[in-house]
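In what follows, a single structure is set out as structure tokens and then discussed.
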Amino acid sequence: MQFEVIARCPTTKARVSRMTLAHGVTMLPTFMPVATQAAIKGLTPEQVESLGVTLILNNTYHLNLRPGLKVLNEVGGAHKFQGWERNLLTDSGGFQLVSLSKFTTITEEGALFASPFTGEPTMLTVRLVVDAPPSTLIAPEPKPEESISIQHAIGADIIMQLDDVVSSLTTGPRVGEAMERSVRWLDRCIAYHEKSGKKERQNLFAIVQGGLDPGLRDRCLDAMIERRDNVAGYAIGGLSGGEEKDTFWRVIKQCADKLPDDSELSVDEYITDCYSNNLQGRDIQWESDSQKIYLSAWPLELIWYGPALLVFIEATDSYLNHIPKADCVFPTRTARFGVALTHGGPLNLKLNKHARDFNPIDVNCPCPTCSGKTSRAILHHTITQETSAAHAITLHNITFQAQVMGRARAAIVAGTFPDYLRTFFAEYFGGAGYPEWCVNALRSVGVDLLEGKDIKMIPGSGAKWEYSDTS
Amino acid sequence: MSSLPPVPSLSFSLFTPPTTRFGPRLGTIRFKRPEGAEIQIQTPGFLTSASRGVVPHLSRDHYAESSIRWVNLPFESFLDVPPPVPTLVPGKNPLHSFLGYSLGQHVVSMSARDPADGREMPANGNTHVSTYSLRGVRKITPADWRSYVLSCKPDIVFALSDIPFTNPPYSQKRLTKSIERSASWLANILSPPTHTSTYALSEGEYKPNILIHMAGAASVPARRAFASSLVEKLLGPEADAIKPLETLDQGVFGYTFDLVPIRLSLEAAEKQHQDPFYSPVESLPQTPPSAADANSNSNSTSTPSSEVNLDPVIPAHTDQLTPLLHASLEPLPVEKMRLVNTVQTPHEVLRLISTVGIDIFDAHWAQRAADIGVALDFTFPAPSSSSSSSISSTATKTRDNGKHDIGHNLYSDSYTHDFSSFSATPCECRACTPIAPSTRIYHGIDDPSYSNEEPAASSVREKPSFTRAYIHHLLHTHEMSAHSLLVMHNLGVLDTFFASIRRIIQRDMEAQIKGSEVEGGEWEEEVRRFEEYYDESLVVFEEARVMWRDVDLARGRGRLKREKKRQEEGTLGTAVEL
Ligand SMILES: [Zn+2]
Ligand SMILES: [Zn+2]
């Protein structure tokens with residue numbers, strides 16, 4: 001991996017960088033759509049690439065279940081399997097330890113998994129235990145080595161260490177234990193990766209743990225920074241378990257401030273707090289996502305997950321209560337419910353007010369849906385009925401997110417990033433008021449969103465959602 | 001004054017004057033727009049079926065890259081909320097602009113009903129057809145239809161017909177009514193604009209090209225009577241209404257046959273013949289939900305069971321179709337276009353070309369195959385038994401009767417490790433021949449001057465085909481991309497199929513001209529071989545359907561509650577969960 005910082009915002013220290021991996025260049029910060037099962041909902045890889053996406057995420061847990069390692073080895077990795085020629089990132093699968101924690105026992109040798117399926121092998125185990133009765137522990141396994149080995153088979157350009165994830169709401173000795181174990185597991189992942197011969201094409205990232213405890217975070221940071229020569233970048237994990245948003249951003253800031261900010265180190269960091277996945281029964285990812293926009297104000301390279309948008313777009317509790325809690329994959333999932341993202345706020349195309357509106361979602365949007373003049377009316381007519389409506393909105397939403405990122409990069413290069421943040425909030429939230437925690441987070445890096453404006457602050461998540469016809 | 005015609009012109013011409021009334025024929029449909037674009041459709045050929053105005057599972061950017069030339073829009077799905085939204089679209093080509101079809105590439109037609117929908121419906125009336133919308137049954141009168149057509153300006157329109165979907169078989173009285181209504185409704189749409197009409201303005205520029213459904217259900221005399229009525233010279237007020245036309249047929253571009261209602265009638269007649277106590281109602285697919293049901297259900301539009309019933313397997317009765325179609329066509333001019341909706345198999349396509357001389361077939365069956373995870377893989381002519389493709393490991397399954405499947409049920413675990421492309425023979429579709437994007441969107445500080453990457457090559461670069469193993473994976477993980485790729489492929493296979501059909505017919509015609517034709521011709525021989533080689537019972541479709549349901553159920557059972565709820569939240573398209 002080659003990593004070069006090419007511009008920096010003097011106020012916030014946010015930076016623009018060029019990351020070169022085996023499958024091309026990704027300019028950072030970027031937005032990374034989620035292709036959990038090796039497909040971006042309903043689209044072809046050619047469509048995704050033409051939107052200007054240069055990095056997507058596959059989930060290790062899921063690909064290990066299906067299609068499985070044998071298939072991936074036979075075909076020569078996930079790139080070939082799904083026809084994706086640009087960069088790819090995989091998680092370690094560790095997050096599923098949390099999501100499935102009621103089935104899971106963590107030991108030093110790995111985790112014991114109960115299959116959420118009946119008669120299916122579980123994640124991170126290559127052993128198939130077919131006869132196990134449901135809801136019993138069927139497979140002792142995942143060693144850190146095994147997670148890396150699976151990620152080697154997948155062949156992603158960026159891979160993650162296996163970390164011991166506890167919910168961020170966990171307190172007591174378990175948090176420290178998980179942090180210490182994550183450091184020990186990092187060493188095992190490094191050792192395994194070093195001798196694998198895969199180092200040239202695949203880049204291992206460390207994941208900073210330590211829960212919400214600044215002391216533990218600090219110790220973890222120290223330990224992981226010590227290993228900087230053996231990792232290609234850092235991720236920040238163990239967040240987004242339902243903690244206060246103000247707590248969340250403070251932890252991120254602590255990590256961001258301390259992680260090496262030195263381009264010579266070829267270090268990249270990204271936020272990995274939100275392994276938004278199918279099998280979890282919670283909505284935690286949404287809240288964490290909603291923080292990410294602000295994080296770009298810190299000296300971090302953010303590779304945003306799909307759901308990150310939401311934040312921007314601010315998902316919010318009312319939204320979450322409005323649609324079923326779900327695996328997130330934000331832009332694609334919301335697309336299926338008819339939500340199109342715009343710089344002026346989200347549009348719920350299911351609302352009757354769009355039924356006779358022949359305007360596109362956003363006249364200025366370069367996506368195929370808008371530039372092809374697909375009207376809100378036809379989307380309203382087909383949404384929740386025809387998959388193609390979801391495809392059209394997904395094409396738009398991914399493009400929208402890429403535009404938000406691209407404009408952020410341009411603003412950083414131009415030295416106008418604080419203005420960009422203020423403009424984005426003004427357009428997006430308008431008079432509806434700004435989430436208080438956003439204002440606080442950005443103040444901590446020297447940007448006052450409220451400067452010269454008379455805008456109210458909304459405590460909590462600061463919902464802005466078009467969810468009824470009366471709005 | 002420009003030399004261009006002021007209105008689009010549509011023509012159909014046969015390659016050579018037909019020597020017989022019924023039999024294989026080659027033709028060309030030419031559609032020329034005032035703007036200059038001309039679309040040509042070679043026949044025999046196919047049309048693609050739309051659902052709610054869109055081709056299921058395809059993005060608009062895929063329309064241009066797929067084998068779509070003619071799209072038919074069942075209009076009833078726009079009737080949920082009056083007035084139908086396409087009628088409000090401004091401009092000269094409202095359907096193209098609203099639905100994203102290309103003026104230079106796509107002919108768009110409009111029918112009141114979805115020809116594939118065989119559900120029982122409330123009776124039609126003297127002045128209305130009962131149609132189905134998501135919010136319940138909606139009536140369309142001939143005047144409504146005329147006004148929708150004049151507002152939407154489709155390139156081609158199916159005249160409103162009285163096709164009963166009550167309880168077949170139908171009495172002679174019912175059939176007589178059907179014939180009379182269909183003829184009078186045809187007259188309605190053929191009648192020239194009146195200046196009192198609110199549509200007078202648009203009528204000055206737009207004149208619909210009309211297809212007429214051949215009424216008469218499963219009755220030879222009724223069908224003959226209807227066809228004859230089209231060519232009768234009208235008299236009195238009826239004649240005045242359609243002036244300057246003298247007969248209804250003069251205003252008609254071509255003839256269509258919806259096979260679903262004919263098959264339902266044949267099936268009912270057969271059952272009744274076997275069992276005098278047989279109740280025809282039970283044999284019919286489910287009645288659509290009432291308006292109230294549909295409303296209470298508006299967020300979760302359908303349950304799996306209603307979807308299943310939307311797509312019943314109706315016994316084909318292919319052999320009984322031919323005399324019925326003949327009865328309709330016999331009184332009519334031979335040179336007009338003939339179209340069949342809801343054909344079920346490629347075998348049936350071949351037979352209807354052979355025995356009737358059909359020019360256009362709908363692609364519904366192939367599109368439906370994509371819904372249930374079937375990748376079509378057949379060739380015409382069929383592989384010779386000695387050829388390598390019939391024994392290759394990538395060939396379709398051979399059944400107990402010794403016949404081969406016409407496609408692959410990609411749900412089957414036998415494809416888990418199958419990295420071949422969908423069909424054994426080369427296919428030009430975007431699933432089998434993906435093209436690397438030659439352009440991309442830049443969003444800021446990511447163009448080549450910053451990334452130092454070479455801009456995408458402007459030359460076309462083909463990528464490796466998508467594999468059966470990948471689609472197998474996507475089907476089992478409920479990824480919608482599976483269906484997008486399968487639709488592109490299945491339409492591609494159809495395109496190749498029809499091109500081969502035309503080639504063989506042409507060879508026979510040329511041989512005939514040269515006097516070198518063999519007995520029966522190459523065509524007949526190849527049709528016979530095709531029927532011998534490929535399984536027409538479509539066991540592979542049945543297996544796919546079963547596995548599709550099982551995967552769906554397993555998902556409901558094995559997943560967390562939230563997943564189930566999500567499943568209930570709504571489905572998209574005919575078969576595919578959102
Ligand atoms: Zn757009
Ligand atoms: Zn193909």
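As shown in the structure tokens, the chain order sets the letters A, B, ...; within each chain, residues go from 1, and ligands are also counted from 1 in the order they appear.
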Hey, which bits of chain B sit within 6 Å of chain A, and for each residue what's the closest pair of atoms and how far apart in Å (one decimal), counting only C-alpha atoms, rows by chain and increasing number, as a tab-separated table?
residue	atom	partner	partner_atom	distance
B:His57	CA	A:Ser388	CA	5.0
B:Leu58	CA	A:Ser388	CA	5.7
B:Ser59	CA	A:Ser388	CA	5.6
B:Pro437	CA	A:Ser50	CA	5.8
B:Arg440	CA	A:Ser50	CA	4.1
B:Ile441	CA	A:Gly52	CA	4.9
B:Tyr442	CA	A:Gly52	CA	5.9
B:His443	CA	A:Gly406	CA	4.5
B:Gly444	CA	A:Gly406	CA	4.1
B:Ile445	CA	A:Ala410	CA	5.8
B:Asp446	CA	A:Met27	CA	5.9
B:His473	CA	A:Pro67	CA	5.9
B:Met480	CA	A:Gly42	CA	4.4
B:Ser481	CA	A:Gly42	CA	3.8
B:Gly558	CA	A:Phe117	CA	5.2
B:Leu572	CA	A:Gln385	CA	4.1
B:Gly573	CA	A:Glu386	CA	4.4
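Residues in contact with Arg399 of chain B at 10 Å, where only C-alpha atoms are counted and same-chain residues fewer than 2 positions away are skipped, are listed as B:Thr396, B:Lys397, B:Asn401, B:Gly402, B:Lys403, B:His404, B:Asp405, B:Tyr534, B:Asp535, B:Val539, B:Val540.
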Grab me every residue within 9 Å of ligand 2, counting only C-alpha atoms and all ligand atoms, and send it over as a ChimeraX atom specification. /B:375-377,421-423,426-433,465-466,485-486,488-493
For those residues, write C-alpha atoms to a file as an mmCIF file, in the first residue's frame.
data_model
loop_
_atom_site.group_PDB
_atom_site.id
_atom_site.type_symbol
_atom_site.label_atom_id
_atom_site.label_comp_id
_atom_site.auth_asym_id
_atom_site.auth_seq_id
_atom_site.Cartn_x
_atom_site.Cartn_y
_atom_site.Cartn_z
ATOM 1 C CA ALA B 375 -30.725 -19.280 -16.796
ATOM 2 C CA LEU B 376 -31.890 -20.335 -20.246
ATOM 3 C CA ASP B 377 -29.458 -22.413 -22.224
ATOM 4 C CA SER B 421 -20.936 -18.856 -18.051
ATOM 5 C CA PHE B 422 -24.687 -19.269 -18.091
ATOM 6 C CA SER B 423 -25.004 -20.922 -21.438
ATOM 7 C CA PRO B 426 -21.394 -17.814 -26.513
ATOM 8 C CA CYS B 427 -23.885 -15.143 -25.473
ATOM 9 C CA GLU B 428 -23.621 -11.431 -26.129
ATOM 10 C CA CYS B 429 -25.643 -10.333 -23.120
ATOM 11 C CA ARG B 430 -24.148 -8.147 -20.400
ATOM 12 C CA ALA B 431 -24.101 -11.047 -17.974
ATOM 13 C CA CYS B 432 -22.112 -13.282 -20.283
ATOM 14 C CA THR B 433 -20.129 -10.472 -21.870
ATOM 15 C CA SER B 465 -18.622 -13.592 -17.843
ATOM 16 C CA PHE B 466 -20.534 -13.873 -14.614
ATOM 17 C CA LEU B 485 -28.254 -10.606 -14.647
ATOM 18 C CA LEU B 486 -30.655 -13.447 -15.412
ATOM 19 C CA MET B 488 -30.367 -9.750 -19.370
ATOM 20 C CA HIS B 489 -29.218 -13.236 -20.189
ATOM 21 C CA ASN B 490 -32.607 -14.770 -20.848
ATOM 22 C CA LEU B 491 -33.549 -11.923 -23.173
ATOM 23 C CA GLY B 492 -30.184 -12.411 -24.863
ATOM 24 C CA VAL B 493 -30.899 -16.101 -25.363
#
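Considering the residues B:Pro383, B:Gly216, B:Pro18, B:Pro154 and counting only C-alpha atoms, Arg174 of chain B has its shortest atom-to-atom contact with B:Gly216.
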Mind listing the alpha helix (DSSP H) residues of segment 305-429 of chain B, per DSSP on the backbone, as an MDAnalysis selection string? chainID B and resid 305:310 318:329 346:355 364:371
Selection export as a compact mmCIF listing (two decimals), in the first residue's frame, atoms kept: N, CA, C and O atoms:
# COMPACT_ATOMS: atom_id res chain seq x y z
N SER B 305 -48.29 -16.54 -1.11
CA SER B 305 -49.33 -17.35 -1.73
C SER B 305 -50.01 -16.59 -2.87
O SER B 305 -50.31 -17.16 -3.90
N SER B 306 -50.21 -15.31 -2.69
CA SER B 306 -50.87 -14.59 -3.78
C SER B 306 -49.93 -14.51 -4.99
O SER B 306 -50.38 -14.48 -6.12
N GLU B 307 -48.63 -14.49 -4.72
CA GLU B 307 -47.70 -14.46 -5.85
C GLU B 307 -47.74 -15.76 -6.62
O GLU B 307 -47.69 -15.78 -7.84
N VAL B 308 -47.82 -16.83 -5.88
CA VAL B 308 -47.87 -18.12 -6.53
C VAL B 308 -49.09 -18.18 -7.44
O VAL B 308 -49.02 -18.61 -8.57
N ASN B 309 -50.18 -17.66 -6.94
CA ASN B 309 -51.39 -17.73 -7.74
C ASN B 309 -51.39 -16.78 -8.92
O ASN B 309 -52.17 -16.94 -9.84
N LEU B 310 -50.53 -15.81 -8.85
CA LEU B 310 -50.41 -14.92 -9.99
C LEU B 310 -49.77 -15.63 -11.17
O LEU B 310 -49.80 -15.15 -12.28
N THR B 318 -51.49 -26.91 -26.58
CA THR B 318 -50.92 -26.33 -27.79
C THR B 318 -51.60 -26.83 -29.07
O THR B 318 -51.91 -26.04 -29.96
N ASP B 319 -51.83 -28.13 -29.12
CA ASP B 319 -52.36 -28.69 -30.37
C ASP B 319 -53.75 -28.16 -30.68
O ASP B 319 -54.14 -28.02 -31.84
N GLN B 320 -54.50 -27.86 -29.62
CA GLN B 320 -55.85 -27.34 -29.87
C GLN B 320 -55.83 -25.88 -30.28
O GLN B 320 -56.84 -25.34 -30.71
N LEU B 321 -54.68 -25.21 -30.05
CA LEU B 321 -54.63 -23.78 -30.36
C LEU B 321 -54.67 -23.54 -31.86
O LEU B 321 -55.31 -22.60 -32.34
N THR B 322 -53.95 -24.38 -32.60
CA THR B 322 -53.76 -24.11 -34.02
C THR B 322 -55.08 -23.91 -34.78
O THR B 322 -55.24 -22.89 -35.46
N PRO B 323 -56.03 -24.83 -34.66
CA PRO B 323 -57.29 -24.60 -35.39
C PRO B 323 -58.00 -23.32 -34.96
O PRO B 323 -58.65 -22.66 -35.80
N LEU B 324 -57.86 -22.97 -33.70
CA LEU B 324 -58.52 -21.74 -33.23
C LEU B 324 -57.88 -20.51 -33.88
O LEU B 324 -58.56 -19.58 -34.30
N LEU B 325 -56.55 -20.53 -33.92
CA LEU B 325 -55.87 -19.39 -34.52
C LEU B 325 -56.15 -19.34 -36.03
O LEU B 325 -56.34 -18.26 -36.60
N HIS B 326 -56.19 -20.50 -36.64
CA HIS B 326 -56.54 -20.55 -38.06
C HIS B 326 -57.91 -19.95 -38.31
O HIS B 326 -58.11 -19.17 -39.25
N ALA B 327 -58.86 -20.32 -37.44
CA ALA B 327 -60.23 -19.83 -37.63
C ALA B 327 -60.26 -18.31 -37.63
O ALA B 327 -61.01 -17.68 -38.37
N SER B 328 -59.44 -17.72 -36.78
CA SER B 328 -59.41 -16.25 -36.72
C SER B 328 -58.75 -15.64 -37.94
O SER B 328 -59.16 -14.60 -38.43
N LEU B 329 -57.68 -16.27 -38.40
CA LEU B 329 -56.88 -15.64 -39.46
C LEU B 329 -57.44 -15.89 -40.86
O LEU B 329 -57.17 -15.12 -41.77
N PRO B 346 -40.16 -22.53 -25.82
CA PRO B 346 -39.61 -22.31 -27.17
C PRO B 346 -40.21 -23.29 -28.17
O PRO B 346 -40.34 -22.96 -29.36
N HIS B 347 -40.58 -24.48 -27.68
CA HIS B 347 -41.21 -25.46 -28.57
C HIS B 347 -42.49 -24.88 -29.15
O HIS B 347 -42.79 -25.04 -30.33
N GLU B 348 -43.24 -24.23 -28.28
CA GLU B 348 -44.51 -23.67 -28.71
C GLU B 348 -44.29 -22.54 -29.71
O GLU B 348 -45.04 -22.38 -30.67
N VAL B 349 -43.24 -21.77 -29.48
CA VAL B 349 -42.88 -20.73 -30.44
C VAL B 349 -42.66 -21.34 -31.82
O VAL B 349 -43.22 -20.89 -32.82
N LEU B 350 -41.86 -22.39 -31.85
CA LEU B 350 -41.56 -23.03 -33.13
C LEU B 350 -42.82 -23.57 -33.79
O LEU B 350 -43.04 -23.41 -34.99
N ARG B 351 -43.65 -24.20 -32.99
CA ARG B 351 -44.88 -24.77 -33.56
C ARG B 351 -45.81 -23.70 -34.10
O ARG B 351 -46.43 -23.87 -35.15
N LEU B 352 -45.92 -22.60 -33.36
CA LEU B 352 -46.83 -21.55 -33.82
C LEU B 352 -46.28 -20.84 -35.05
O LEU B 352 -47.04 -20.30 -35.86
N ILE B 353 -44.97 -20.85 -35.20
CA ILE B 353 -44.40 -20.34 -36.46
C ILE B 353 -44.71 -21.31 -37.59
O ILE B 353 -45.14 -20.92 -38.68
N SER B 354 -44.52 -22.59 -37.29
CA SER B 354 -44.74 -23.61 -38.32
C SER B 354 -46.18 -23.69 -38.79
O SER B 354 -46.46 -23.71 -39.98
N THR B 355 -47.07 -23.76 -37.81
CA THR B 355 -48.45 -24.09 -38.16
C THR B 355 -49.32 -22.87 -38.38
O THR B 355 -50.38 -22.96 -39.00
N HIS B 364 -42.57 -13.14 -21.95
CA HIS B 364 -42.93 -13.29 -20.54
C HIS B 364 -42.35 -14.55 -19.90
O HIS B 364 -41.84 -14.52 -18.79
N TRP B 365 -42.44 -15.65 -20.61
CA TRP B 365 -41.99 -16.92 -20.01
C TRP B 365 -40.49 -16.89 -19.70
O TRP B 365 -40.05 -17.42 -18.69
N ALA B 366 -39.72 -16.24 -20.57
CA ALA B 366 -38.27 -16.19 -20.34
C ALA B 366 -37.93 -15.20 -19.22
O ALA B 366 -37.00 -15.42 -18.44
N GLN B 367 -38.71 -14.13 -19.14
CA GLN B 367 -38.50 -13.17 -18.07
C GLN B 367 -38.88 -13.81 -16.73
O GLN B 367 -38.23 -13.61 -15.71
N ARG B 368 -39.96 -14.57 -16.76
CA ARG B 368 -40.42 -15.25 -15.56
C ARG B 368 -39.38 -16.27 -15.10
O ARG B 368 -39.15 -16.46 -13.90
N ALA B 369 -38.71 -16.91 -16.05
CA ALA B 369 -37.66 -17.86 -15.69
C ALA B 369 -36.57 -17.17 -14.88
O ALA B 369 -36.03 -17.74 -13.92
N ALA B 370 -36.29 -15.92 -15.22
CA ALA B 370 -35.27 -15.17 -14.48
C ALA B 370 -35.71 -14.91 -13.04
O ALA B 370 -34.90 -14.86 -12.12
N ASP B 371 -37.00 -14.75 -12.84
CA ASP B 371 -37.51 -14.56 -11.48
C ASP B 371 -37.23 -15.76 -10.60
O ASP B 371 -36.94 -15.62 -9.42
Shell of 10 Å around Pro315 of chain B, only C-alpha atoms, local chain residues under 4 positions omitted, as a list in words: Val260, Arg263, Leu264, Leu266, Glu267 and Gln344 of chain B
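Atom to atom, atom CA of Glu427 of chain A and atom CA of Ile455 of chain A stand 12.5 Å apart.
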If we count only C-alpha atoms, what is near segment 75-88 of chain B at a cut-off of 8 Å, once residues fewer than 4 positions away on the same chain are taken out, given as a PDB file with C-alpha atoms, in the first residue's frame?
ATOM      1  CA  ALA A 355     -46.890  10.703  -7.119  1.00  0.00           C
ATOM      2  CA  ARG A 356     -47.250  13.373  -9.780  1.00  0.00           C
ATOM      3  CA  ALA A 377     -43.461   9.980  -9.973  1.00  0.00           C
ATOM      4  CA  HIS A 381     -45.223   4.237  -8.760  1.00  0.00           C
TER       5      HIS A 381
ATOM      6  CA  SER B  51     -44.597  -4.554 -15.099  1.00  0.00           C
ATOM      7  CA  ARG B  52     -45.798  -1.246 -13.682  1.00  0.00           C
ATOM      8  CA  GLY B  53     -44.226   0.327 -16.738  1.00  0.00           C
ATOM      9  CA  PRO B  94     -44.871  10.718 -22.744  1.00  0.00           C
ATOM     10  CA  LEU B  95     -44.301   6.998 -22.264  1.00  0.00           C
ATOM     11  CA  PHE B  98     -41.707   8.859 -18.262  1.00  0.00           C
ATOM     12  CA  MET B 110     -49.822  -0.286 -24.413  1.00  0.00           C
ATOM     13  CA  SER B 111     -52.447  -2.869 -23.485  1.00  0.00           C
ATOM     14  CA  ALA B 112     -55.216  -2.424 -20.957  1.00  0.00           C
ATOM     15  CA  ARG B 113     -54.533  -5.664 -19.164  1.00  0.00           C
ATOM     16  CA  ASP B 114     -51.518  -7.792 -18.426  1.00  0.00           C
ATOM     17  CA  THR B 131     -58.948  -4.515 -14.748  1.00  0.00           C
ATOM     18  CA  TYR B 132     -56.715  -5.160 -11.824  1.00  0.00           C
ATOM     19  CA  SER B 133     -54.788  -2.549  -9.900  1.00  0.00           C
ATOM     20  CA  LEU B 134     -52.992  -2.786  -6.591  1.00  0.00           C
ATOM     21  CA  ARG B 135     -55.899  -1.055  -4.947  1.00  0.00           C
ATOM     22  CA  GLY B 136     -58.484  -3.377  -6.379  1.00  0.00           C
ATOM     23  CA  ARG B 138     -60.847  -0.746 -11.786  1.00  0.00           C
ATOM     24  CA  TYR B 148     -55.553   7.291 -22.172  1.00  0.00           C
ATOM     25  CA  SER B 151     -52.761  11.259 -23.899  1.00  0.00           C
ATOM     26  CA  CYS B 152     -49.987   8.684 -23.683  1.00  0.00           C
TER      27      CYS B 152
END
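Near Pro142 of chain B, within 9 Å and counting only C-alpha atoms, sit Thr127, His128, Val129, Arg146, Ser147, Ala159, Leu160, Trp185, Leu186, Asn188 and Ile189 of chain B; same-chain residues fewer than 4 positions away were not included.
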Using only C-alpha atoms and all ligand atoms, find the one residue out of A:Glu436, A:Asp419, A:Glu180, A:Asp362 that sits nearest to ligand 1. A:Asp362
Shell of 6 Å around Thr467 of chain B, only C-alpha atoms, local chain residues under 3 positions omitted, as a list in words: Phe419, Ser420, Ser421 and Tyr470 of chain B
